[in-house]
Amino acid sequence: MAKKKGKIVEMGQPAQSPQMNLDVTKLKNVTCPQCDGIFFDELQMFKEVSAMQSPNGQPSMLPIPVVVCNNCGTVHPKFTPKELFEDVSTEEK
């Protein structure tokens, strides 16, 4: 019986991305536009989805990640579209 030759495909191996050599000491810090703080927390904001808008016809909640300053609680505009906050006032924690 002759052996069949075929293409060997490795499964489960992630594609390798090119290595980047970055000197993090030379990168600019992201700062809070309100207080110049450099530490942030990721929180979740929830939007209500009506039954009419929901794909399954049931009302639900949509979690949206937002980044806030750890010092003053300001929602950082670089990380969250301002359209999401039209009806939300930024309050201190």
# chains A, B, ... in the order shown; residues from 1 in each chain; ligands from 1
call {"tool": "residues_around", "arguments": {"residues": "stretch 41-53 of chain A", "least_positions_apart": "3", "cutoff": "12 Å", "atoms": "only C-alpha atoms", "output": "PDB file with C-alpha atoms, in the first residue's frame"}}
result
ATOM      1  CA  CYS A  32      -6.524  62.623  32.662  1.00  0.00           C
ATOM      2  CA  GLY A  37      -3.684  61.705  36.778  1.00  0.00           C
ATOM      3  CA  ILE A  38      -2.030  58.719  35.098  1.00  0.00           C
ATOM      4  CA  ASN A  56     -34.696  38.284  20.523  1.00  0.00           C
ATOM      5  CA  GLY A  57     -37.653  40.599  21.190  1.00  0.00           C
ATOM      6  CA  GLN A  58     -36.908  40.839  24.917  1.00  0.00           C
ATOM      7  CA  PRO A  59     -35.734  43.956  26.768  1.00  0.00           C
ATOM      8  CA  SER A  60     -32.107  43.643  27.865  1.00  0.00           C
ATOM      9  CA  MET A  61     -29.025  45.509  29.035  1.00  0.00           C
ATOM     10  CA  LEU A  62     -25.916  46.203  26.944  1.00  0.00           C
ATOM     11  CA  PRO A  63     -22.643  46.510  28.938  1.00  0.00           C
ATOM     12  CA  ILE A  64     -20.206  49.106  27.609  1.00  0.00           C
ATOM     13  CA  PRO A  65     -16.650  49.322  28.988  1.00  0.00           C
ATOM     14  CA  VAL A  66     -15.526  52.820  29.980  1.00  0.00           C
ATOM     15  CA  VAL A  67     -12.216  54.089  31.349  1.00  0.00           C
ATOM     16  CA  VAL A  68     -12.295  56.518  34.271  1.00  0.00           C
ATOM     17  CA  CYS A  69      -9.571  58.388  36.083  1.00  0.00           C
ATOM     18  CA  ASN A  70      -8.662  56.670  39.337  1.00  0.00           C
ATOM     19  CA  ASN A  71      -8.068  60.053  40.981  1.00  0.00           C
ATOM     20  CA  CYS A  72     -11.050  62.223  39.992  1.00  0.00           C
ATOM     21  CA  GLY A  73     -13.486  59.832  38.281  1.00  0.00           C
ATOM     22  CA  THR A  74     -13.499  61.651  34.932  1.00  0.00           C
ATOM     23  CA  VAL A  75     -14.475  59.470  31.974  1.00  0.00           C
ATOM     24  CA  HIS A  76     -11.513  59.660  29.601  1.00  0.00           C
ATOM     25  CA  PHE A  79     -11.289  55.598  25.302  1.00  0.00           C
ATOM     26  CA  THR A  80     -15.042  56.166  25.034  1.00  0.00           C
ATOM     27  CA  LEU A  84     -22.479  57.460  24.664  1.00  0.00           C
ATOM     28  CA  PHE A  85     -22.539  60.195  27.297  1.00  0.00           C
ATOM     29  CA  ASP A  87     -27.466  62.029  28.762  1.00  0.00           C
ATOM     30  CA  VAL A  88     -24.925  61.129  31.473  1.00  0.00           C
TER      31      VAL A  88
END
call {"tool": "atom_distance", "arguments": {"atom1": "atom CA of A:Lys26", "atom2": "atom CA of A:Phe39"}}
result
17.8 Å
